[in-house]
>>> print(open('protein-v7.csv').read())   # CSV, C-alpha atoms
chain,number,residue,atom,x,y,z
A,1,MET,CA,70.0,50.4,44.1
A,2,THR,CA,72.4,51.7,41.4
A,3,THR,CA,73.5,55.3,41.8
A,4,HIS,CA,76.3,56.4,39.5
A,5,LEU,CA,77.9,59.7,39.1
A,6,PRO,CA,75.7,62.0,37.0
A,7,GLY,CA,76.3,61.5,33.3
A,8,ASN,CA,78.4,64.7,32.8
A,9,ALA,CA,79.8,65.0,36.2
A,10,GLN,CA,83.4,64.2,35.2
A,11,ALA,CA,83.3,66.8,32.4
A,12,ASP,CA,81.7,69.4,34.6
A,13,LEU,CA,84.2,69.4,37.3
A,14,PRO,CA,86.6,72.3,37.3
A,15,ARG,CA,90.3,71.3,36.9
A,16,SER,CA,93.3,72.5,38.7
A,17,GLU,CA,96.9,71.6,38.9
A,18,GLU,CA,97.2,70.5,42.5
A,19,SER,CA,94.1,68.5,43.6
A,20,PRO,CA,94.2,65.6,41.2
A,21,ALA,CA,97.2,64.2,43.0
A,22,LEU,CA,95.3,63.8,46.2
A,23,LYS,CA,93.4,60.4,46.6
A,24,PRO,CA,90.5,61.0,49.0
A,25,THR,CA,88.4,58.2,50.4
A,26,VAL,CA,84.9,58.0,51.9
A,27,SER,CA,86.3,58.3,55.4
A,28,TRP,CA,87.4,61.9,54.8
A,29,ARG,CA,85.4,64.7,56.4
A,30,ASP,CA,82.7,66.2,54.2
A,31,GLU,CA,84.2,69.7,54.3
A,32,ASP,CA,87.5,68.3,53.0
A,33,LEU,CA,85.8,66.4,50.2
A,34,VAL,CA,83.8,69.5,49.2
A,35,ASP,CA,87.0,71.6,49.2
A,36,LEU,CA,88.7,69.1,46.9
A,37,VAL,CA,85.7,68.9,44.6
A,38,LEU,CA,85.7,72.7,44.3
A,39,ARG,CA,89.4,72.4,43.3
A,40,GLY,CA,88.6,69.9,40.6
A,41,ASN,CA,89.2,66.6,42.3
A,42,ARG,CA,86.9,64.1,40.6
A,43,ILE,CA,87.5,61.3,43.0
A,44,ALA,CA,86.3,63.5,45.9
A,45,PHE,CA,82.9,63.9,44.3
A,46,ALA,CA,82.7,60.1,43.8
A,47,CYS,CA,83.5,59.8,47.5
A,48,ILE,CA,80.6,62.2,48.4
A,49,VAL,CA,78.2,60.2,46.3
A,50,GLU,CA,79.4,56.9,47.8
A,51,LYS,CA,79.2,58.3,51.3
A,52,HIS,CA,75.7,59.8,51.1
A,53,ARG,CA,73.8,58.0,48.3
A,54,ARG,CA,72.3,55.4,50.6
A,55,TRP,CA,70.5,57.7,53.0
A,56,ILE,CA,69.4,60.0,50.1
A,57,TYR,CA,68.0,57.0,48.3
A,58,ARG,CA,66.1,55.8,51.4
A,59,LEU,CA,64.8,59.3,51.9
A,60,CYS,CA,63.6,59.5,48.3
A,61,ALA,CA,62.1,56.0,48.4
A,62,ARG,CA,60.1,56.9,51.5
A,63,MET,CA,58.9,60.2,50.3
A,64,LEU,CA,58.0,58.9,46.8
A,65,GLN,CA,57.0,55.4,47.9
A,66,SER,CA,58.7,53.9,44.9
A,67,THR,CA,62.2,52.5,44.4
A,68,ASP,CA,62.2,53.3,40.7
A,69,LYS,CA,61.5,56.9,41.3
A,70,ALA,CA,64.0,56.9,44.2
A,71,ASP,CA,66.7,55.7,41.8
A,72,ASP,CA,66.1,58.5,39.3
A,73,THR,CA,65.6,61.1,41.9
A,74,THR,CA,68.8,60.2,43.8
A,75,GLN,CA,70.8,60.6,40.5
A,76,GLU,CA,69.1,64.0,40.0
A,77,VAL,CA,70.0,65.0,43.6
A,78,PHE,CA,73.7,64.5,42.9
A,79,ALA,CA,73.5,66.1,39.5
A,80,ARG,CA,72.0,69.2,41.2
A,81,ALA,CA,74.5,69.0,44.0
A,82,LEU,CA,77.4,69.0,41.6
A,83,GLU,CA,76.0,72.0,39.7
A,84,LYS,CA,75.4,74.0,42.9
A,85,MET,CA,78.4,73.0,44.9
A,86,PRO,CA,80.2,76.3,44.3
A,87,MET,CA,77.4,78.0,46.2
A,88,LEU,CA,78.0,75.8,49.3
A,89,ASN,CA,80.0,77.9,51.7
A,90,HIS,CA,81.1,75.4,54.2
A,91,GLY,CA,81.5,71.7,53.7
A,92,ALA,CA,80.3,70.8,57.2
A,93,LYS,CA,76.8,71.6,56.2
A,94,LEU,CA,76.8,69.2,53.4
A,95,VAL,CA,74.3,66.7,54.9
A,96,GLY,CA,71.7,69.4,55.5
A,97,TRP,CA,72.3,70.9,52.1
A,98,LEU,CA,72.0,67.6,50.3
A,99,LYS,CA,68.8,66.9,52.3
A,100,VAL,CA,67.3,70.2,51.1
A,101,ILE,CA,68.1,69.3,47.5
A,102,ALA,CA,66.7,65.8,47.9
A,103,VAL,CA,63.4,67.1,49.5
A,104,ASN,CA,63.2,69.7,46.7
A,105,GLN,CA,63.6,67.0,44.0
A,106,CYS,CA,61.1,64.8,45.7
A,107,LEU,CA,58.6,67.7,46.0
A,108,THR,CA,59.0,68.2,42.2
A,109,VAL,CA,58.0,64.6,41.6
A,110,ILE,CA,55.2,64.7,44.3
A,111,GLU,CA,53.7,67.8,42.6
A,112,LYS,CA,54.1,66.4,39.1
A,113,GLU,CA,52.6,63.1,39.9
A,114,LYS,CA,50.1,64.4,42.5
A,115,LEU,CA,51.3,61.8,44.9
A,116,TYR,CA,50.0,63.2,48.2
A,117,ARG,CA,46.7,64.5,46.9
A,118,PRO,CA,43.5,63.3,48.5
A,119,LEU,CA,40.9,61.8,46.1
A,120,GLY,CA,38.8,64.5,44.4
A,121,ASP,CA,40.8,67.3,45.9
A,122,GLU,CA,39.7,70.7,44.6
A,123,GLU,CA,40.5,74.2,45.5
A,124,PRO,CA,38.3,75.1,48.5
A,125,ALA,CA,35.5,77.5,47.8
A,126,ARG,CA,36.3,80.7,49.8
A,127,CYS,CA,33.6,81.9,52.0
A,128,THR,CA,33.4,85.7,51.6
A,129,ASN,CA,30.0,86.5,53.0
A,130,LEU,CA,30.8,86.5,56.7
A,131,THR,CA,30.0,89.5,58.8
A,132,PRO,CA,32.9,91.1,60.7
A,133,GLU,CA,31.6,89.5,63.9
A,134,GLN,CA,31.5,86.0,62.3
A,135,GLN,CA,35.0,86.6,60.9
A,136,VAL,CA,36.3,87.3,64.4
A,137,LEU,CA,34.5,84.2,65.8
A,138,ALA,CA,35.8,82.1,63.0
A,139,SER,CA,39.3,83.3,63.6
A,140,GLU,CA,39.1,82.6,67.3
A,141,ASN,CA,37.7,79.1,66.6
A,142,ARG,CA,40.7,78.5,64.3
A,143,ARG,CA,43.1,79.6,67.0
A,144,LEU,CA,41.5,77.2,69.4
A,145,VAL,CA,41.4,74.3,67.0
A,146,GLY,CA,45.1,74.9,66.3
A,147,GLU,CA,45.8,74.6,70.0
A,148,PHE,CA,43.8,71.4,70.3
A,149,ILE,CA,45.6,69.8,67.4
A,150,ASP,CA,48.9,70.6,69.1
A,151,ARG,CA,47.7,68.8,72.2
A,152,LEU,CA,47.0,65.5,70.4
A,153,PRO,CA,49.8,62.9,70.2
A,154,PRO,CA,51.7,63.2,66.8
A,155,ARG,CA,50.1,60.2,65.1
A,156,GLN,CA,46.6,61.3,66.1
A,157,GLN,CA,47.4,64.8,64.8
A,158,LEU,CA,48.4,63.3,61.4
A,159,VAL,CA,45.4,61.1,60.8
A,160,PHE,CA,43.0,63.8,62.2
A,161,VAL,CA,44.4,66.4,59.8
A,162,MET,CA,44.4,64.0,56.9
A,163,LYS,CA,40.8,62.9,57.5
A,164,TYR,CA,39.1,66.1,58.7
A,165,ILE,CA,41.0,68.9,57.0
A,166,ASP,CA,42.1,67.4,53.7
A,167,GLY,CA,39.5,64.6,53.4
A,168,TYR,CA,41.7,61.6,52.7
A,169,THR,CA,40.0,58.2,52.9
A,170,TYR,CA,41.0,55.5,55.4
A,171,ARG,CA,42.6,53.6,52.5
A,172,GLN,CA,44.7,56.6,51.4
A,173,ILE,CA,45.7,57.3,55.0
A,174,ARG,CA,46.8,53.7,55.4
A,175,GLN,CA,48.8,53.8,52.2
A,176,LEU,CA,50.5,57.1,52.7
A,177,THR,CA,51.4,56.7,56.3
A,178,GLY,CA,52.1,53.0,56.4
A,179,PHE,CA,49.9,52.6,59.5
A,180,SER,CA,47.8,49.5,59.7
A,181,GLU,CA,44.0,49.7,59.3
A,182,LYS,CA,43.6,49.0,63.0
A,183,GLN,CA,46.0,51.8,63.9
A,184,VAL,CA,44.3,54.3,61.6
A,185,LYS,CA,40.9,53.6,63.1
A,186,SER,CA,42.2,53.7,66.6
A,187,TYR,CA,44.2,57.0,66.1
A,188,LEU,CA,41.2,58.6,64.5
A,189,GLN,CA,38.7,57.4,67.1
A,190,ASN,CA,40.9,58.6,69.9
A,191,ALA,CA,41.7,61.9,68.2
A,192,ARG,CA,38.0,62.6,67.5
A,193,ARG,CA,37.1,61.8,71.1
A,194,ASN,CA,39.8,64.0,72.5
A,195,PHE,CA,39.1,66.7,70.1
A,196,GLU,CA,35.3,66.8,70.5
A,197,ARG,CA,35.8,66.8,74.3
A,198,ALA,CA,38.1,69.8,74.1
A,199,TRP,CA,35.8,71.5,71.7
A,200,THR,CA,32.7,71.0,73.9
A,201,ASN,CA,34.6,72.2,76.9
A,202,ARG,CA,36.1,75.3,75.2
A,203,GLY,CA,35.4,78.4,77.2
A,204,LYS,CA,34.5,76.4,80.4
A,205,ALA,CA,38.1,76.3,81.6
A,206,GLY,CA,38.6,80.1,81.3
E,1,MET,CA,21.0,37.1,53.7
E,2,ASP,CA,18.2,34.8,55.0
E,3,THR,CA,16.3,37.1,57.5
E,4,PRO,CA,13.9,34.5,58.9
E,5,LEU,CA,16.8,32.2,59.7
E,6,ILE,CA,18.7,34.9,61.6
E,7,GLU,CA,15.6,35.7,63.6
E,8,GLU,CA,15.0,32.1,64.3
E,9,SER,CA,18.7,31.7,65.3
E,10,CYS,CA,18.4,34.7,67.7
E,11,GLY,CA,15.3,33.1,69.3
E,12,GLU,CA,17.0,29.8,69.7
E,13,LEU,CA,20.1,31.5,71.1
E,14,ARG,CA,17.9,33.4,73.7
E,15,ARG,CA,16.4,30.1,74.8
E,16,LEU,CA,19.8,28.4,75.1
E,17,LEU,CA,21.3,31.3,76.9
E,18,ALA,CA,18.4,31.3,79.4
E,19,HIS,CA,19.1,27.6,80.0
E,20,GLU,CA,22.8,28.4,80.5
E,21,ALA,CA,21.9,31.2,82.9
E,22,GLU,CA,20.3,28.7,85.3
E,23,GLN,CA,23.7,27.4,86.2
E,24,LEU,CA,25.2,30.8,87.1
E,25,GLU,CA,25.4,32.8,90.3
E,26,PRO,CA,22.3,35.0,90.7
E,27,GLU,CA,24.1,38.2,89.9
E,28,LEU,CA,25.5,36.8,86.7
E,29,ARG,CA,22.3,35.2,85.8
E,30,GLN,CA,20.5,38.5,86.1
E,31,GLU,CA,23.2,40.1,83.9
E,32,ILE,CA,22.9,37.5,81.2
E,33,LEU,CA,19.1,37.6,81.2
E,34,ARG,CA,19.2,41.4,81.0
E,35,VAL,CA,21.5,41.3,78.0
E,36,THR,CA,19.9,38.5,76.1
E,37,SER,CA,16.2,38.9,76.9
E,38,GLY,CA,15.9,41.5,74.1
E,39,LEU,CA,18.4,39.8,71.8
E,40,THR,CA,17.5,40.5,68.2
E,41,PRO,CA,19.5,40.5,64.9
E,42,ALA,CA,19.7,44.3,65.3
E,43,ASN,CA,21.5,44.3,68.6
E,44,LEU,CA,23.3,41.0,68.2
E,45,LEU,CA,26.8,42.5,67.8
E,46,GLU,CA,26.3,44.8,70.8
E,47,SER,CA,25.0,41.9,73.0
E,48,TYR,CA,27.9,39.7,71.8
E,49,GLY,CA,30.3,42.4,72.9
E,50,ARG,CA,28.7,42.8,76.3
E,51,LEU,CA,28.8,39.0,77.0
E,52,ASN,CA,32.3,38.8,75.7
E,53,ALA,CA,33.5,41.3,78.3
E,54,HIS,CA,32.9,38.8,81.1
E,55,PRO,CA,34.7,35.4,81.0
E,56,ALA,CA,31.8,33.4,82.5
E,57,LEU,CA,29.2,35.0,80.3
E,58,SER,CA,31.4,34.6,77.3
E,59,MET,CA,31.7,30.9,78.0
E,60,CYS,CA,27.9,30.6,78.3
E,61,PHE,CA,27.6,32.3,75.0
E,62,GLY,CA,30.1,29.9,73.4
E,63,ARG,CA,28.3,26.9,74.8
E,64,ALA,CA,24.9,28.2,73.6
E,65,VAL,CA,26.3,28.9,70.1
E,66,ALA,CA,27.8,25.4,70.0
E,67,ASN,CA,24.3,23.9,70.6
E,68,LEU,CA,22.8,25.7,67.7
E,69,THR,CA,22.4,23.9,64.4
E,70,ALA,CA,25.1,24.3,61.8
E,71,GLY,CA,22.8,26.5,59.6
E,72,MET,CA,22.0,28.7,62.5
E,73,ARG,CA,25.6,29.1,63.5
E,74,THR,CA,26.5,30.1,59.9
E,75,SER,CA,23.7,32.6,59.8
E,76,LEU,CA,24.8,34.2,63.1
E,77,LYS,CA,28.4,34.4,62.0
E,78,THR,CA,27.4,36.0,58.7
E,79,HIS,CA,25.2,38.5,60.4
E,80,LEU,CA,27.8,39.4,62.9
E,81,ARG,CA,30.3,40.0,60.2
E,82,LEU,CA,27.9,42.2,58.2
E,83,ASP,CA,27.0,44.1,61.3
E,84,PHE,CA,30.6,44.7,62.0
E,85,VAL,CA,31.2,46.0,58.5
E,86,ARG,CA,28.2,48.3,58.8
E,87,GLN,CA,29.5,49.6,62.1
E,88,MET,CA,32.9,50.3,60.5
E,89,GLN,CA,31.0,52.2,57.7
E,90,ARG,CA,29.2,54.2,60.3
E,91,LEU,CA,32.5,55.0,61.9
E,92,GLU,CA,33.9,56.2,58.6
E,93,ALA,CA,30.9,58.4,58.0
E,94,THR,CA,30.7,59.8,61.5
E,95,ALA,CA,30.5,63.5,61.3
E,96,LEU,CA,32.1,66.0,63.6
E,97,HIS,CA,30.3,68.7,65.5
E,98,PRO,CA,29.0,71.0,62.7
E,99,GLU,CA,30.8,74.1,64.0
E,100,LEU,CA,34.0,72.2,64.4
E,101,ALA,CA,33.7,70.7,60.9
E,102,GLN,CA,33.2,74.2,59.6
E,103,THR,CA,36.2,75.6,61.4
E,104,LEU,CA,38.4,72.8,60.1
E,105,LYS,CA,37.3,73.6,56.6
E,106,GLY,CA,38.1,77.2,57.2
E,107,MET,CA,41.6,76.3,58.3
E,108,LYS,CA,42.2,74.7,55.0
E,109,GLU,CA,41.1,77.8,53.3
E,110,VAL,CA,43.4,80.1,55.2
E,111,ARG,CA,46.5,78.0,55.7
E,112,GLY,CA,48.2,79.3,52.5
E,113,SER,CA,50.8,77.6,50.4
E,114,CYS,CA,53.3,75.1,51.6
E,115,PRO,CA,56.7,76.2,52.8
E,116,ARG,CA,59.9,75.7,50.8
E,117,ALA,CA,62.0,72.6,51.2
E,118,GLU,CA,64.7,74.6,53.1
E,119,GLU,CA,62.1,75.6,55.7
E,120,ILE,CA,60.7,72.1,56.0
E,121,VAL,CA,64.2,70.6,56.5
E,122,GLU,CA,65.0,73.3,59.1
E,123,TYR,CA,61.6,72.6,60.9
E,124,GLU,CA,62.2,68.9,60.9
E,125,GLU,CA,65.5,69.3,62.7
E,126,LEU,CA,63.8,71.2,65.6
E,127,LYS,CA,62.7,69.7,68.8
E,128,PRO,CA,58.8,69.4,69.1
E,129,THR,CA,58.7,72.3,71.6
E,130,ASP,CA,60.7,74.5,69.3
E,131,ARG,CA,58.7,73.6,66.3
E,132,ARG,CA,55.6,75.2,67.8
E,133,LYS,CA,57.5,78.6,67.9
E,134,ASN,CA,58.6,78.2,64.3
E,135,ARG,CA,57.2,80.5,61.6
E,136,ILE,CA,55.8,77.7,59.5
E,137,HIS,CA,54.1,75.8,62.3
E,138,PRO,CA,50.6,77.3,61.9
E,139,HIS,CA,50.7,76.0,58.3
E,140,VAL,CA,52.3,72.6,59.0
E,141,ARG,CA,50.0,71.6,61.8
E,142,VAL,CA,46.9,71.7,59.5
E,143,CYS,CA,48.6,70.6,56.2
E,144,SER,CA,48.6,66.8,55.4
E,145,ARG,CA,51.1,67.2,52.7
E,146,CYS,CA,53.7,68.8,55.0
E,147,ARG,CA,53.0,66.4,57.7
E,148,LEU,CA,53.4,63.5,55.3
E,149,LEU,CA,56.7,64.9,54.2
E,150,LEU,CA,57.9,65.2,57.8
E,151,LEU,CA,56.7,61.7,58.6
E,152,ASN,CA,58.6,60.3,55.6
E,153,MET,CA,61.7,62.4,56.2
E,154,ALA,CA,62.2,60.8,59.6
E,155,GLU,CA,63.6,57.4,59.2
E,156,PRO,CA,61.3,55.0,61.1
E,157,SER,CA,62.4,51.6,62.0
E,158,GLY,CA,61.0,49.0,59.7
E,159,TRP,CA,60.4,51.5,56.9
E,160,GLU,CA,61.7,48.9,54.3
E,161,LYS,CA,58.8,46.6,55.3
E,162,HIS,CA,56.3,49.4,54.8
E,163,LEU,CA,57.8,50.2,51.4
E,164,GLN,CA,57.8,46.5,50.4
E,165,ALA,CA,54.2,46.3,51.4
E,166,LEU,CA,53.4,49.3,49.3
E,167,LEU,CA,55.3,48.0,46.3
E,168,GLY,CA,53.7,44.6,46.7
E,169,ARG,CA,50.3,46.2,46.3
E,170,CYS,CA,51.2,48.0,43.1
>>> encode(input="protein-v7.csv", output="structure tokens")
Amino acid sequence: MTTHLPGNAQADLPRSEESPALKPTVSWRDEDLVDLVLRGNRIAFACIVEKHRRWIYRLCARMLQSTDKADDTTQEVFARALEKMPMLNHGAKLVGWLKVIAVNQCLTVIEKEKLYRPLGDEEPARCTNLTPEQQVLASENRRLVGEFIDRLPPRQQLVFVMKYIDGYTYRQIRQLTGFSEKQVKSYLQNARRNFERAWTNRGKAG
Amino acid sequence: MDTPLIEESCGELRRLLAHEAEQLEPELRQEILRVTSGLTPANLLESYGRLNAHPALSMCFGRAVANLTAGMRTSLKTHLRLDFVRQMQRLEATALHPELAQTLKGMKEVRGSCPRAEEIVEYEELKPTDRRKNRIHPHVRVCSRCRLLLLNMAEPSGWEKHLQALLGRC
């Protein structure tokens, strides 16, 4: 992993008379480093990069499933952070703020490269010919299904939604989640069983 | 696949299992005969599974298979493997209750567009119980993309291994 300061970072930083004298280190608090960056201290920004680049890189690598893309995206994240830092009100929120920038950058790549798309995904055809009664029933069914999904364990929820709502194949589910083939099959079988049981018994409890 | 050979193998296996059954307690003998009297290539996997569930019956099955000719053993193994693959394919194709499948499709149609990164990050930091009360929850719970983002945003132990596995496949 090689993350450097963004190309024009040094030049972009505002300069002041007082801050360059200070020599911050990575052990400084985020808010103090941000404060110094905003006063033109170039070393402070390098400290922020050094302090946060690893977790940002890991986040990008997981989300993009590529170390190459993670390298580029991490650099982009810091370039954006530098550009937008004057908008950051309080240094204590730096981690969350950087995370939002990182997720945003990853989403741009995910969209551009269609990374999370199921095979043959198309815009769903909208059903417009339902009677008002059918629409009410469909809406009630959706509410129930939402509740059933919430009741499943998290991993079962994930594979169930991937398979039955968005139509991912077993292979794609395995690749995108990192679960083994056996796990995917087991989560899906259990989810389907739990779900169909709840669906069949709907209305009986009340 | 050589169909006559697999049928012949099943016939021989039935005969050998009946012989093995003679040495068992009456109750177990009855069980093994019940499972194997109708043994055919079509229900071989199911019968194998039922015998395997009981240690004594499983041993009988093992001994019976060992007494088959090498060609018959190979034919059985090949058939079991194919049958297993078919069963997995059936599992893959298993459809949900039609009304349920229709409702799930409908949920995709009405879930709307994905929330912004800020909202996803905020949601990720909530406890599971608080997530359900969050504004974006109705979307997230039925959206694979958002769920994958959340899965990958959390740092699981051993993620490097997963990443390596992914990259190794590329």
>>> interface_residues(input="protein-v7.csv", of="chain E", to="chain A", cutoff="7 Å", atoms="only C-alpha atoms", output="list in words")
Thr103, Leu104, Lys105, Met107, Lys108, Glu109, Ala117, Glu118, Val121, Val142, Cys143, Ser144, Arg145, Arg147, Leu149, Asn152, Met153, His162, Leu163 and Leu167 of chain E
>>> atom_distance(input="protein-v7.csv", atom1="CA of Asn190 (chain A)", atom2="CA of His97 (chain E)")
15.3 Å
>>> atom_distance(input="protein-v7.csv", atom1="CA of Thr108 (chain A)", atom2="CA of Ile43 (chain A)")
29.3 Å
>>> closest_residue(input="protein-v7.csv", among="E:Glu27, E:Ser9, E:Leu150, E:Thr40", to="Ser75 (chain E)", atoms="only C-alpha atoms")
E:Ser9
>>> atom_distance(input="protein-v7.csv", atom1="CA of Ile56 (chain A)", atom2="CA of Phe78 (chain A)")
9.5 Å
>>> residues_around(input="protein-v7.csv", residues="Val35 (chain E)", least_positions_apart="2", cutoff="8 Å", atoms="only C-alpha atoms", output="list in words")
Glu31, Ile32, Leu33, Ser37, Gly38, Leu39, Ser47, Arg50 and Leu51 of chain E
